[in-house]
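Peer 1: Hey, dropping target18.tsv in here, TSV, C-alpha atoms:
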```
chain	number	residue	atom	x	y	z
Z	1	MET	CA	5.34	-52.54	40.27
Z	2	THR	CA	7.92	-50.04	39.16
Z	3	SER	CA	6.84	-47.59	36.44
Z	4	GLN	CA	9.13	-47.41	33.44
Z	5	ILE	CA	8.93	-43.60	33.30
Z	6	TYR	CA	10.94	-43.31	36.49
Z	7	ASP	CA	14.68	-43.50	36.78
Z	8	LYS	CA	15.39	-46.61	38.88
Z	9	ALA	CA	18.55	-45.05	40.34
Z	10	GLY	CA	17.09	-41.78	41.60
Z	11	GLY	CA	13.43	-42.54	41.82
Z	12	GLN	CA	12.60	-39.40	39.76
Z	13	PRO	CA	11.51	-38.90	36.15
Z	14	ASP	CA	14.46	-38.66	33.76
Z	15	ILE	CA	13.61	-35.00	33.03
Z	16	ASP	CA	17.21	-33.89	32.59
Z	17	ARG	CA	17.80	-36.40	29.81
Z	18	ILE	CA	14.54	-35.55	28.07
Z	19	LEU	CA	15.22	-31.80	28.22
Z	20	GLY	CA	18.78	-32.34	27.07
Z	21	ASP	CA	17.61	-34.31	24.04
Z	22	ALA	CA	15.04	-31.62	23.25
Z	23	ASP	CA	17.64	-28.84	23.48
Z	24	ALA	CA	19.97	-30.76	21.21
Z	25	ARG	CA	17.20	-31.29	18.66
Z	26	ILE	CA	16.25	-27.59	18.76
Z	27	ALA	CA	19.87	-26.59	18.21
Z	28	GLU	CA	20.14	-29.02	15.31
Z	29	LEU	CA	16.99	-27.61	13.69
Z	30	GLY	CA	18.34	-24.08	14.18
Z	31	GLU	CA	21.55	-24.98	12.39
Z	32	GLN	CA	19.57	-26.57	9.54
Z	33	ARG	CA	17.40	-23.46	9.15
Z	34	ALA	CA	20.46	-21.20	9.15
Z	35	ALA	CA	22.14	-23.36	6.49
Z	36	LEU	CA	18.98	-23.32	4.37
Z	37	ALA	CA	18.67	-19.54	4.65
Z	38	GLU	CA	22.30	-19.10	3.62
Z	39	ARG	CA	21.80	-21.43	0.64
Z	40	ARG	CA	18.75	-19.45	-0.48
Z	41	ARG	CA	20.66	-16.18	-0.12
Z	42	ARG	CA	23.50	-17.48	-2.27
Z	43	LEU	CA	21.09	-18.75	-4.94
Z	44	ILE	CA	19.44	-15.35	-5.42
Z	45	GLU	CA	22.58	-13.28	-4.94
Z	46	PRO	CA	23.75	-11.64	-8.19
Z	47	ALA	CA	27.11	-12.75	-9.54
Z	48	TYR	CA	28.25	-9.13	-9.58
Z	49	LYS	CA	26.94	-6.38	-7.36
Z	50	THR	CA	27.95	-2.83	-6.62
Z	51	VAL	CA	28.78	-2.05	-3.00
Z	52	ALA	CA	29.28	1.46	-1.70
Z	53	ALA	CA	32.66	1.42	0.04
Z	54	ASN	CA	31.72	4.32	2.29
Z	55	PRO	CA	27.93	4.58	2.15
Z	56	THR	CA	26.63	8.09	2.74
Z	57	ASP	CA	23.64	9.05	4.82
Z	58	MET	CA	21.62	9.42	1.62
Z	59	HIS	CA	22.63	5.89	0.54
Z	60	HIS	CA	21.21	4.51	3.79
Z	61	LYS	CA	17.99	6.49	3.36
Z	62	ILE	CA	17.47	5.31	-0.22
Z	63	THR	CA	18.23	1.67	0.61
Z	64	LEU	CA	15.98	1.50	3.66
Z	65	GLY	CA	13.34	3.58	1.91
Z	66	ALA	CA	13.19	1.05	-0.91
Z	67	VAL	CA	12.41	-1.70	1.61
Z	68	MET	CA	9.56	0.37	3.08
Z	69	VAL	CA	8.13	1.18	-0.37
Z	70	ASN	CA	8.25	-2.48	-1.39
Z	71	ALA	CA	6.29	-3.29	1.78
Z	72	GLY	CA	3.54	-0.91	0.63
Z	73	MET	CA	4.40	2.27	2.52
Z	74	ARG	CA	4.46	5.74	0.96
Z	75	ALA	CA	5.95	9.10	1.86
Z	76	TYR	CA	2.89	10.14	3.87
Z	77	ASP	CA	3.54	7.21	6.27
Z	78	ALA	CA	6.93	8.58	7.34
Z	79	ASP	CA	5.79	10.68	10.31
Z	80	ALA	CA	3.54	7.93	11.69
Z	81	LEU	CA	6.31	5.35	11.27
Z	82	ALA	CA	8.73	7.62	13.15
Z	83	GLY	CA	6.20	7.94	15.95
Z	84	LEU	CA	5.68	4.18	16.09
Z	85	LEU	CA	9.42	3.40	16.17
Z	86	ALA	CA	9.86	5.83	19.06
Z	87	GLY	CA	7.32	3.95	21.19
Z	88	THR	CA	7.99	1.06	23.52
Z	89	GLY	CA	7.72	-2.59	22.54
Z	90	HIS	CA	4.84	-3.03	24.98
Z	91	HIS	CA	2.92	-0.18	23.33
Z	92	MET	CA	3.47	-1.60	19.85
Z	93	LEU	CA	2.34	-5.08	20.90
Z	94	ALA	CA	-0.78	-3.62	22.47
Z	95	LEU	CA	-1.63	-1.80	19.24
Z	96	ALA	CA	-0.94	-4.82	17.02
Z	97	ASP	CA	-2.58	-7.46	19.22
Z	98	GLU	CA	-6.07	-7.03	17.80
Z	99	LEU	CA	-4.79	-6.93	14.21
Z	100	VAL	CA	-2.90	-10.20	14.67
Z	101	ASP	CA	-5.93	-11.92	16.19
Z	102	THR	CA	-8.10	-10.75	13.28
Z	103	ASP	CA	-5.72	-12.02	10.60
Z	104	PRO	CA	-3.01	-14.33	12.03
Z	105	ALA	CA	-1.71	-15.23	8.55
Z	106	ALA	CA	-1.00	-11.60	7.58
Z	107	SER	CA	2.64	-10.66	7.08
Z	108	LEU	CA	4.32	-8.36	9.57
Z	109	GLY	CA	4.56	-5.70	6.85
Z	110	THR	CA	0.80	-5.84	6.26
Z	111	ILE	CA	0.08	-5.62	9.99
Z	112	LEU	CA	2.47	-2.68	10.30
Z	113	ILE	CA	0.71	-0.76	7.52
Z	114	ARG	CA	-2.72	-1.48	9.03
Z	115	LEU	CA	-1.41	-0.31	12.39
Z	116	LEU	CA	-0.13	2.95	10.87
Z	117	ASP	CA	-3.44	3.52	9.11
Z	118	GLY	CA	-5.45	2.92	12.26
Z	119	GLN	CA	-3.34	5.13	14.54
Z	120	GLU	CA	-2.17	7.64	11.92
Z	121	ARG	CA	-3.10	10.90	13.69
Z	122	GLU	CA	-1.60	10.02	17.06
Z	123	LEU	CA	1.55	8.42	15.65
Z	124	ALA	CA	2.16	11.18	13.07
Z	125	ALA	CA	1.83	13.85	15.76
Z	126	ARG	CA	4.39	12.01	17.90
Z	127	GLY	CA	6.75	11.57	14.94
Z	128	LEU	CA	6.55	15.26	13.99
Z	129	TYR	CA	7.23	16.31	17.58
Z	130	LEU	CA	10.27	14.05	17.84
Z	131	THR	CA	11.66	15.43	14.57
Z	132	TRP	CA	11.17	18.98	15.84
Z	133	GLN	CA	12.80	18.08	19.14
Z	134	ARG	CA	15.90	16.64	17.44
Z	135	ARG	CA	16.26	19.78	15.36
Z	136	LEU	CA	15.95	21.92	18.48
Z	137	VAL	CA	18.78	19.99	20.15
Z	138	THR	CA	20.96	20.38	17.05
Z	139	TYR	CA	20.20	24.10	16.84
Z	140	ALA	CA	20.98	24.60	20.55
Z	141	GLU	CA	24.32	22.81	20.18
Z	142	ASP	CA	25.26	24.84	17.10
Z	143	ARG	CA	24.23	28.10	18.77
Z	144	ALA	CA	26.19	27.31	21.95
Z	145	GLU	CA	29.27	26.49	19.88
Z	146	TRP	CA	28.92	29.74	17.96
Z	147	LEU	CA	28.51	31.87	21.11
Z	148	ALA	CA	31.54	30.16	22.63
Z	149	ARG	CA	33.75	31.39	19.78
Z	150	ASP	CA	36.16	34.26	20.34
Z	151	GLU	CA	34.17	37.53	20.50
Z	152	ASP	CA	36.60	39.36	18.20
Z	153	TYR	CA	36.09	36.67	15.58
Z	154	ARG	CA	32.31	36.89	15.85
Z	155	LEU	CA	32.24	40.68	15.70
Z	156	GLU	CA	35.26	41.55	13.55
Z	157	GLY	CA	36.27	38.34	11.75
Z	158	ALA	CA	36.94	38.30	8.01
Z	159	TRP	CA	33.95	35.99	7.53
Z	160	ARG	CA	31.66	38.99	7.99
Z	161	GLN	CA	32.74	40.39	4.61
Z	162	GLU	CA	32.04	37.20	2.68
Z	163	PRO	CA	28.85	36.81	0.57
Z	164	MET	CA	25.63	35.86	2.33
Z	165	THR	CA	25.10	32.10	2.42
Z	166	ALA	CA	22.20	30.35	0.67
Z	167	ASP	CA	20.75	29.38	4.06
Z	168	GLN	CA	20.89	32.98	5.25
Z	169	ARG	CA	19.21	34.20	2.06
Z	170	TRP	CA	16.41	31.66	2.44
Z	171	LEU	CA	15.88	32.50	6.12
Z	172	VAL	CA	15.79	36.23	5.37
Z	173	ARG	CA	13.06	35.68	2.76
Z	174	VAL	CA	11.00	33.49	5.11
Z	175	THR	CA	11.35	35.96	7.98
Z	176	CYS	CA	10.25	38.86	5.80
Z	177	ARG	CA	7.21	36.91	4.63
Z	178	VAL	CA	6.17	35.82	8.11
Z	179	ARG	CA	6.82	39.19	9.77
Z	180	HIS	CA	5.60	41.25	6.78
Z	181	LEU	CA	8.93	43.03	6.37
Z	182	ASP	CA	10.56	44.48	3.27
Z	183	LEU	CA	13.48	42.48	1.93
Z	184	PRO	CA	16.76	44.15	2.92
Z	185	GLY	CA	19.30	45.09	0.29
Z	186	ASP	CA	22.37	43.05	-0.57
Z	187	LEU	CA	23.91	42.01	2.74
Z	188	ARG	CA	27.33	40.65	3.57
Z	189	ARG	CA	27.46	37.51	5.67
Z	190	GLY	CA	28.03	39.39	8.92
Z	191	GLU	CA	25.28	41.90	8.18
Z	192	ALA	CA	22.89	39.06	7.38
Z	193	ALA	CA	23.75	37.36	10.69
Z	194	ASP	CA	23.07	40.61	12.57
Z	195	TRP	CA	19.76	41.15	10.71
Z	196	LEU	CA	18.58	37.61	11.41
Z	197	GLU	CA	19.48	37.89	15.10
Z	198	LEU	CA	17.74	41.27	15.37
Z	199	HIS	CA	14.51	39.95	13.89
Z	200	GLY	CA	14.46	36.67	15.80
Z	201	ALA	CA	14.74	34.81	12.52
Z	202	ASN	CA	14.76	31.26	13.83
Z	203	LEU	CA	11.02	31.31	14.39
Z	204	SER	CA	10.81	27.59	15.15
Z	205	TYR	CA	13.06	27.67	18.22
Z	206	LYS	CA	13.45	31.25	19.47
Z	207	ALA	CA	10.81	30.85	22.17
Z	208	PHE	CA	12.66	27.79	23.53
Z	209	MET	CA	16.12	29.35	23.74
Z	210	ALA	CA	17.39	31.25	26.78
```
In structure tokens, how does this file's structure come out?

Peer 2:
Amino acid sequence: MTSQIYDKAGGQPDIDRILGDADARIAELGEQRAALAERRRRLIEPAYKTVAANPTDMHHKITLGAVMVNAGMRAYDADALAGLLAGTGHHMLALADELVDTDPAASLGTILIRLLDGQERELAARGLYLTWQRRLVTYAEDRAEWLARDEDYRLEGAWRQEPMTADQRWLVRVTCRVRHLDLPGDLRRGEAADWLELHGANLSYKAFMA
């Protein structure tokens, strides 16, 4: 007796047809979900909304920050979140696996916050180090660009007679406080640059620069 689950022509189960029908059904369901999501988006979308034509870096920070705050995060989570986002997907799944098993119905936002709370010290340390490292790279690039400038400009350029910048003034004050020095008198921009270089003012990175 011939089984009805076999293809009479080839003598093998009609797997290709079954899989083809399944793929078609999955694609159809995907299209339906996408259409439903678009309909929901249009229903809640305001009739008029303001869009930044050329969003600034601050605009991005505020917008993304609002999403994080609405999820329950606060400013003190920033370093740990930076450390988590710098990790690998495998590492994140390993950390979250136990939390998902404990509460499968929890939202991803809730799991993320619990993960940050549970690994706060390690993740925050990693996030702080990565931030420091990025600033070091930026400082090294700026310093190399400055040293590559024409020597006459660096030593005799008109910029040296301009007023000291706000950043220079702040760095002078910090350097004096850390090194227990007296504040110098009113310096021109060039004099301030010389003073800061003489006293190794960039205390965060000096030991890492050649």

Peer 1: Between Z:Asp16, Z:Glu31, Z:Asp23, Z:Asp79, which residue has the minimum interatomic distance to Thr131 in chain Z, considering all atoms listed in the file?

Peer 2: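 Between Z:Asp16, Z:Glu31, Z:Asp23, Z:Asp79, the residue approaching Thr131 in chain Z most closely is Z:Asp79.
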
Peer 1: Here is a test: counting all atoms listed in the file, which residue of Z:Leu147, Z:Leu196, Z:Ala106, Z:Leu93 is nearest to Trp170 in chain Z?

Peer 2: Z:Leu196

Peer 1: Nearest residue to Ala125 in chain Z out of Z:Ala35, Z:Met92, Z:Ala148, Z:Ala86, using all atoms listed in the file?

Peer 2: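 Looking at the shortest contact to Ala125 in chain Z, the residue is Z:Ala86.
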
Peer 1: Please list as a list in words every residue within 10 Å of Gly190 in chain Z, counting only C-alpha atoms and excluding residues in the same chain fewer than 4 positions away.

Peer 2: Arg154, Leu155, Glu156, Gly157, Ala158, Trp159, Arg160, Gln161, Glu162, Pro163, Met164, Asp194, Trp195 and Leu196 of chain Z

Peer 1: Take the residues from that selection and write them out as an mmCIF file, in the frame of the given file, keeping C-alpha atoms.

Peer 2:
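Output below, filename part_20.cif:
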```
data_model
loop_
_atom_site.group_PDB
_atom_site.id
_atom_site.type_symbol
_atom_site.label_atom_id
_atom_site.label_comp_id
_atom_site.auth_asym_id
_atom_site.auth_seq_id
_atom_site.Cartn_x
_atom_site.Cartn_y
_atom_site.Cartn_z
ATOM 1 C CA ARG Z 154 32.310 36.890 15.850
ATOM 2 C CA LEU Z 155 32.240 40.680 15.700
ATOM 3 C CA GLU Z 156 35.260 41.550 13.550
ATOM 4 C CA GLY Z 157 36.270 38.340 11.750
ATOM 5 C CA ALA Z 158 36.940 38.300 8.010
ATOM 6 C CA TRP Z 159 33.950 35.990 7.530
ATOM 7 C CA ARG Z 160 31.660 38.990 7.990
ATOM 8 C CA GLN Z 161 32.740 40.390 4.610
ATOM 9 C CA GLU Z 162 32.040 37.200 2.680
ATOM 10 C CA PRO Z 163 28.850 36.810 0.570
ATOM 11 C CA MET Z 164 25.630 35.860 2.330
ATOM 12 C CA ASP Z 194 23.070 40.610 12.570
ATOM 13 C CA TRP Z 195 19.760 41.150 10.710
ATOM 14 C CA LEU Z 196 18.580 37.610 11.410
#
```

Peer 1: Quick one: pull the distance between CA of Glu122 in chain Z and CA of Thr88 in chain Z, Å, one decimal.

Peer 2: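 Those two atoms sit 14.6 Å apart.
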
Peer 1: Using all atoms listed in the file, can you tell me which of Z:Arg74, Z:Arg17, Z:His59, Z:Arg169 comes closest to Leu183 in chain Z?

Peer 2: Z:Arg169

Peer 1: Would you work out the distance separating CA of Leu81 in chain Z from CA of Lys61 in chain Z, expressed in Å to one decimal?

Peer 2: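 The value is 14.2 Å.
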
Peer 1: Hey, what's within 12 Å of Pro184 in chain Z if we count all atoms listed in the file and toss same-chain stuff fewer than 4 positions away? As an MDAnalysis selection string, please?

Peer 2: chainID Z and resid 169 172:173 175:176 188 191:192 195:196 199

Peer 1: May I ask for the distance between CA of Ala71 in chain Z and CA of Ala105 in chain Z, given in Å to one decimal place?

Peer 2: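 A separation of 15.9 Å between them.
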
Peer 1: Choose the residue, out of Z:Gly83, Z:Pro55, Z:Gly65, Z:Gly200, that has the smallest atom-to-atom separation from Leu115 in chain Z; count all atoms listed in the file.

Peer 2: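 Of Z:Gly83, Z:Pro55, Z:Gly65, Z:Gly200, the one nearest Leu115 in chain Z is Z:Gly83, counting all atoms listed in the file.
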
Peer 1: When you count all atoms listed in the file, which of these residues is closest to Leu181 in chain Z: Z:Gly72, Z:Asp142, Z:Ala201, Z:Val100?

Peer 2: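 Closest to Leu181 in chain Z, using all atoms listed in the file: Z:Ala201.
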
Peer 1: Give, as JSON, the centre coordinates and the x, y and z edge lengths in Å to one decimal for an axis-aligned box around all listed atoms of range 150-158 of chain Z, padded by 8 Å on each side.

Peer 2:
```
{"center_x": 34.6, "center_y": 37.9, "center_z": 14.3, "size_x": 20.7, "size_y": 23.3, "size_z": 28.5}
```

Peer 1: For the point (6.9, 2.9, 4.2) in file coordinates, what residues are within 12 Å, counting all atoms listed in the file? Give the answer as a list in words?

Peer 2: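 Applying the cut-off with all atoms listed in the file, one gets Lys61, Ile62, Thr63, Leu64, Gly65, Ala66, Val67, Met68, Val69, Asn70, Ala71, Gly72, Met73, Arg74, Ala75, Tyr76, Asp77, Ala78, Asp79, Ala80, Leu81, Ala82, Gly109, Thr110, Leu112, Ile113, Arg114, Leu116 and Asp117 of chain Z.
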